[in-house]
Amino acid sequence: MLILPKLKSQEKGVAILVIILLMTLLLFMAMYFLSFTLTEKNISHSQAWGAKTYYLAEAGVAEMVWQLKNNPSYETSFETNPAWTVEFTRNNPFGADSGSYTVSITNSALAHGEIISTGAIDVGEGKTSQRIIKTSVYRAMGEGGAELGDNCGYADGNIDISASIVNFYNGSAYSDNNFNANLWSTVGIDTDLNVVNNFNEVMSTVLVGGDIYAANYPNGPAAEVDMPAVDFDSGDPDSYKNIADVVYTSAQFDNMIANNSTITLNDPITYVEGDIDFYGNKNLVVNGLLVVERDFEIGRKLCRGFSCGLADATVNHTEGEPSGILAKRKIYFKTFTGNIDINGVVYASDQLTVTGIPLGMDFNAAGGLISRKLTITSVWSPIDITRNEEIINSTLGVAEFSPVITVEHWEEEY
């Protein structure tokens, strides 16, 4: 009889212990859930503040670029003082408690500068959300094609050639920074190799018919040559947009590509607002000059709908008239590019990239390649660049206005 009460007492003790353990577990789960919820809330708030601060910093960059384009004092200093720097701050630029941004520009050379913009918002409790955006800006300053001298391949920055065969015929090659030949490249230059910084030849063969000028070679660095300026779309009556014979929107031009296997442009100057993305067993024939307000890209994909194949491009020149392909931003010749036969200038205000032209395809550019940075990579067919002074001078006249180009944009978070 004494055993039964004892067992009941033990059962009660076990039950209490289980209840305590369950309550403890529930308490820990509740604390974890609360902590998780608070963390998610803080992350959400942090992301929201971060986005607002990022746009503040972007506004700083935009204002500095606007000043370079529209403020005569800024414009003159940017273009004439290689050591120019200036900074300003805007408090609450979008109303009360909207934060602030501080933006500066520092020139590294004439018309070449770095913009740093810091956006900040007070989020309370002594904390500040901050974003820093940095971007490089430059403007082409050369007065016409004559500034190029005998250079048929020109880059305002690096020329990078990797695993490629490249020939510069009837002229020289010029890099305003470094000329790099890598990974079993073969490069032939009929006249001189002109490099302002270093010439680097790694596992490659570079044959130069004339002299080599570079900071790391006995002749010393080449003299600096300004990139020829092109007026794409300023208000000047002589800008290419204003003198174009026909102007297409990007959508109109894309529809023309989609509905035709061969696109023939017979007007002396054709201007396209926006980008051109040309791919998918198509053939582009330009009887004159094609001017693109943003990027020109060819061979990005193999197929456009059910039309599959390589994309070809031909540019024909009439003596005394401009010819070629000019892009305000970038030009890409990509993996599914077919035969390229350009009697004209290929000009990109920013990057010009030739990548992976298939074996057996021809790439001929009689006139010249001109860009801020020239990159040729893994091209198994020769890239032939031939200087033609008449074409260059007919296409690149003296331009009073040229765009301010922003490149190499990156962000830091705090």
# chains A, B, ... in the order shown; residues from 1 in each chain; ligands from 1

$ select_by_dssp --residues "range 69-130 of chain A" --states "strand (DSSP E or B)" --output "ChimeraX atom specification"
/A:85-91,100-109,112-124,127-130

$ residues_around --residues "range 318-329 of chain A" --least-positions-apart "4" --cutoff "6 Å" --atoms "only C-alpha atoms" --output "list in words"
Gly288, Leu289, Leu290, Val291, Val292, Glu293, Arg294, Asp295, Gly344, Val345, Val346, Tyr347, Ala348, Ser349, Asp350, Ser394 and Thr395 of chain A

$ write_last_selection --atoms "C-alpha atoms" --output "mmCIF file, in the first residue's frame"
data_model
loop_
_atom_site.group_PDB
_atom_site.id
_atom_site.type_symbol
_atom_site.label_atom_id
_atom_site.label_comp_id
_atom_site.auth_asym_id
_atom_site.auth_seq_id
_atom_site.Cartn_x
_atom_site.Cartn_y
_atom_site.Cartn_z
ATOM 1 C CA GLY A 288 28.746 55.269 -95.330
ATOM 2 C CA LEU A 289 28.786 55.953 -91.595
ATOM 3 C CA LEU A 290 26.805 54.315 -88.782
ATOM 4 C CA VAL A 291 26.729 56.355 -85.556
ATOM 5 C CA VAL A 292 25.422 54.708 -82.379
ATOM 6 C CA GLU A 293 24.362 56.760 -79.372
ATOM 7 C CA ARG A 294 25.259 54.017 -76.864
ATOM 8 C CA ASP A 295 26.742 50.522 -77.469
ATOM 9 C CA GLY A 344 36.148 53.018 -92.358
ATOM 10 C CA VAL A 345 36.925 54.038 -88.807
ATOM 11 C CA VAL A 346 35.854 51.873 -85.871
ATOM 12 C CA TYR A 347 35.594 54.315 -82.948
ATOM 13 C CA ALA A 348 34.419 53.669 -79.384
ATOM 14 C CA SER A 349 34.507 56.476 -76.845
ATOM 15 C CA ASP A 350 34.974 53.820 -74.168
ATOM 16 C CA SER A 394 37.183 62.198 -93.921
ATOM 17 C CA THR A 395 35.514 60.679 -90.858
#

$ select_by_dssp --residues "range 23-253 of chain A" --states "helix (DSSP H, G or I)" --output "number ranges by chain"
A: 23-70, 72-80, 145-148, 240-243, 250-253

$ write_last_selection --atoms "C-alpha atoms" --output "PDB file, in the first residue's frame"
ATOM      1  CA  MET A  23       8.723  25.442 -20.946  1.00  0.00           C
ATOM      2  CA  THR A  24      12.474  26.045 -21.162  1.00  0.00           C
ATOM      3  CA  LEU A  25      12.521  24.781 -24.753  1.00  0.00           C
ATOM      4  CA  LEU A  26       9.557  26.966 -25.689  1.00  0.00           C
ATOM      5  CA  LEU A  27      11.227  29.931 -23.995  1.00  0.00           C
ATOM      6  CA  PHE A  28      14.429  29.398 -25.973  1.00  0.00           C
ATOM      7  CA  MET A  29      12.423  28.998 -29.185  1.00  0.00           C
ATOM      8  CA  ALA A  30      10.521  32.192 -28.454  1.00  0.00           C
ATOM      9  CA  MET A  31      13.777  34.029 -27.719  1.00  0.00           C
ATOM     10  CA  TYR A  32      15.314  32.676 -30.947  1.00  0.00           C
ATOM     11  CA  PHE A  33      12.252  33.681 -32.964  1.00  0.00           C
ATOM     12  CA  LEU A  34      12.280  37.142 -31.393  1.00  0.00           C
ATOM     13  CA  SER A  35      16.006  37.511 -32.039  1.00  0.00           C
ATOM     14  CA  PHE A  36      15.577  36.284 -35.632  1.00  0.00           C
ATOM     15  CA  THR A  37      12.670  38.682 -36.214  1.00  0.00           C
ATOM     16  CA  LEU A  38      14.623  41.622 -34.796  1.00  0.00           C
ATOM     17  CA  THR A  39      17.650  40.699 -36.903  1.00  0.00           C
ATOM     18  CA  GLU A  40      15.533  40.491 -40.054  1.00  0.00           C
ATOM     19  CA  LYS A  41      13.958  43.820 -39.192  1.00  0.00           C
ATOM     20  CA  ASN A  42      17.380  45.403 -38.683  1.00  0.00           C
ATOM     21  CA  ILE A  43      18.632  43.934 -41.955  1.00  0.00           C
ATOM     22  CA  SER A  44      15.548  45.224 -43.762  1.00  0.00           C
ATOM     23  CA  HIS A  45      16.015  48.692 -42.286  1.00  0.00           C
ATOM     24  CA  SER A  46      19.730  48.586 -43.082  1.00  0.00           C
ATOM     25  CA  GLN A  47      19.034  47.664 -46.711  1.00  0.00           C
ATOM     26  CA  ALA A  48      16.452  50.410 -47.007  1.00  0.00           C
ATOM     27  CA  TRP A  49      18.830  53.002 -45.570  1.00  0.00           C
ATOM     28  CA  GLY A  50      21.637  51.621 -47.734  1.00  0.00           C
ATOM     29  CA  ALA A  51      19.596  52.004 -50.918  1.00  0.00           C
ATOM     30  CA  LYS A  52      18.650  55.583 -50.040  1.00  0.00           C
ATOM     31  CA  THR A  53      22.268  56.419 -49.229  1.00  0.00           C
ATOM     32  CA  TYR A  54      23.470  54.815 -52.456  1.00  0.00           C
ATOM     33  CA  TYR A  55      21.126  57.001 -54.500  1.00  0.00           C
ATOM     34  CA  LEU A  56      22.407  60.031 -52.604  1.00  0.00           C
ATOM     35  CA  ALA A  57      25.970  59.166 -53.594  1.00  0.00           C
ATOM     36  CA  GLU A  58      24.830  58.586 -57.195  1.00  0.00           C
ATOM     37  CA  ALA A  59      23.245  62.030 -57.160  1.00  0.00           C
ATOM     38  CA  GLY A  60      26.637  63.449 -56.209  1.00  0.00           C
ATOM     39  CA  VAL A  61      28.300  61.764 -59.195  1.00  0.00           C
ATOM     40  CA  ALA A  62      25.528  62.969 -61.501  1.00  0.00           C
ATOM     41  CA  GLU A  63      25.900  66.557 -60.294  1.00  0.00           C
ATOM     42  CA  MET A  64      29.666  66.516 -60.792  1.00  0.00           C
ATOM     43  CA  VAL A  65      29.274  65.192 -64.346  1.00  0.00           C
ATOM     44  CA  TRP A  66      26.639  67.873 -64.968  1.00  0.00           C
ATOM     45  CA  GLN A  67      29.087  70.528 -63.729  1.00  0.00           C
ATOM     46  CA  LEU A  68      31.768  69.219 -66.100  1.00  0.00           C
ATOM     47  CA  LYS A  69      29.351  69.506 -69.013  1.00  0.00           C
ATOM     48  CA  ASN A  70      27.638  72.791 -68.163  1.00  0.00           C
ATOM     49  CA  PRO A  72      32.457  76.729 -67.868  1.00  0.00           C
ATOM     50  CA  SER A  73      34.780  77.017 -64.863  1.00  0.00           C
ATOM     51  CA  TYR A  74      34.678  73.274 -64.175  1.00  0.00           C
ATOM     52  CA  GLU A  75      34.947  72.427 -67.872  1.00  0.00           C
ATOM     53  CA  THR A  76      38.001  74.632 -68.406  1.00  0.00           C
ATOM     54  CA  SER A  77      39.796  73.368 -65.297  1.00  0.00           C
ATOM     55  CA  PHE A  78      39.035  69.733 -66.172  1.00  0.00           C
ATOM     56  CA  GLU A  79      40.473  70.153 -69.666  1.00  0.00           C
ATOM     57  CA  THR A  80      43.470  72.422 -68.956  1.00  0.00           C
ATOM     58  CA  GLY A 145      42.144  62.494 -87.277  1.00  0.00           C
ATOM     59  CA  ALA A 146      45.365  64.330 -88.110  1.00  0.00           C
ATOM     60  CA  GLU A 147      46.291  64.127 -84.408  1.00  0.00           C
ATOM     61  CA  LEU A 148      46.710  60.359 -84.756  1.00  0.00           C
ATOM     62  CA  TYR A 240      26.538  63.788 -86.028  1.00  0.00           C
ATOM     63  CA  LYS A 241      22.973  63.567 -84.743  1.00  0.00           C
ATOM     64  CA  ASN A 242      22.132  66.924 -86.306  1.00  0.00           C
ATOM     65  CA  ILE A 243      23.738  66.213 -89.676  1.00  0.00           C
ATOM     66  CA  SER A 250      16.939  51.556 -80.945  1.00  0.00           C
ATOM     67  CA  ALA A 251      13.558  49.772 -81.206  1.00  0.00           C
ATOM     68  CA  GLN A 252      13.092  50.778 -84.850  1.00  0.00           C
ATOM     69  CA  PHE A 253      16.534  49.512 -85.774  1.00  0.00           C
TER      70      PHE A 253
END

$ closest_residue --among "A:Ala120, A:Val247, A:Ala109, A:Met256" --to "Asn92 in chain A" --atoms "only C-alpha atoms"
A:Ala120

$ closest_residue --among "A:Ala163, A:Pro228, A:Arg131, A:Pro82" --to "Asn393 in chain A" --atoms "only C-alpha atoms"
A:Pro228

$ residues_around --residues "range 311-317 of chain A" --least-positions-apart "6" --cutoff "7 Å" --atoms "only C-alpha atoms" --output "number ranges by chain"
A: 279-288, 298-299, 323-324, 336-344

$ write_last_selection --atoms "C-alpha atoms" --output "PDB file, in the first residue's frame"
ATOM      1  CA  TYR A 279      23.274  38.802 -84.002  1.00  0.00           C
ATOM      2  CA  GLY A 280      21.760  35.624 -85.484  1.00  0.00           C
ATOM      3  CA  ASN A 281      22.677  34.879 -89.142  1.00  0.00           C
ATOM      4  CA  LYS A 282      22.371  38.517 -90.204  1.00  0.00           C
ATOM      5  CA  ASN A 283      24.374  40.681 -92.594  1.00  0.00           C
ATOM      6  CA  LEU A 284      24.901  44.402 -92.006  1.00  0.00           C
ATOM      7  CA  VAL A 285      25.997  46.548 -94.958  1.00  0.00           C
ATOM      8  CA  VAL A 286      26.827  50.197 -94.250  1.00  0.00           C
ATOM      9  CA  ASN A 287      27.424  52.354 -97.318  1.00  0.00           C
ATOM     10  CA  GLY A 288      28.746  55.269 -95.330  1.00  0.00           C
ATOM     11  CA  ILE A 298      27.690  42.111 -82.837  1.00  0.00           C
ATOM     12  CA  GLY A 299      27.726  38.318 -82.462  1.00  0.00           C
ATOM     13  CA  SER A 323      32.603  55.897 -93.210  1.00  0.00           C
ATOM     14  CA  GLY A 324      32.797  53.389 -90.385  1.00  0.00           C
ATOM     15  CA  PHE A 336      29.374  34.585 -82.995  1.00  0.00           C
ATOM     16  CA  THR A 337      30.759  37.317 -85.237  1.00  0.00           C
ATOM     17  CA  GLY A 338      31.347  36.238 -88.831  1.00  0.00           C
ATOM     18  CA  ASN A 339      33.249  38.080 -91.564  1.00  0.00           C
ATOM     19  CA  ILE A 340      34.098  41.708 -90.852  1.00  0.00           C
ATOM     20  CA  ASP A 341      35.166  43.940 -93.748  1.00  0.00           C
ATOM     21  CA  ILE A 342      35.263  47.578 -92.716  1.00  0.00           C
ATOM     22  CA  ASN A 343      36.577  50.332 -94.957  1.00  0.00           C
ATOM     23  CA  GLY A 344      36.148  53.018 -92.358  1.00  0.00           C
TER      24      GLY A 344
END

$ closest_residue --among "A:Asp97, A:Gly209, A:Gly368, A:Ala244" --to "Asp267 in chain A" --atoms "only C-alpha atoms"
A:Ala244

$ residues_around --residues "Tyr217 in chain A" --least-positions-apart "6" --cutoff "10 Å" --atoms "only C-alpha atoms" --output "MDAnalysis selection string"
chainID A and resid 195 197:199

$ write_last_selection --atoms "N, CA and C atoms" --output "PDB file, in the first residue's frame"
ATOM      1  N   VAL A 195      54.223  53.619 -77.015  1.00  0.00           N
ATOM      2  CA  VAL A 195      53.610  53.329 -75.720  1.00  0.00           C
ATOM      3  C   VAL A 195      54.065  54.385 -74.718  1.00  0.00           C
ATOM      4  N   ASN A 197      53.442  54.287 -71.378  1.00  0.00           N
ATOM      5  CA  ASN A 197      53.918  53.623 -70.161  1.00  0.00           C
ATOM      6  C   ASN A 197      54.787  52.422 -70.558  1.00  0.00           C
ATOM      7  N   ASN A 198      54.375  51.187 -70.260  1.00  0.00           N
ATOM      8  CA  ASN A 198      55.234  50.023 -70.479  1.00  0.00           C
ATOM      9  C   ASN A 198      54.738  49.118 -71.606  1.00  0.00           C
ATOM     10  N   PHE A 199      55.698  48.524 -72.300  1.00  0.00           N
ATOM     11  CA  PHE A 199      55.429  47.478 -73.289  1.00  0.00           C
ATOM     12  C   PHE A 199      55.780  46.145 -72.647  1.00  0.00           C
TER      13      PHE A 199
END

$ closest_residue --among "A:Thr262, A:Leu22, A:Leu369, A:Ser234" --to "Ile391 in chain A" --atoms "only C-alpha atoms"
A:Leu369
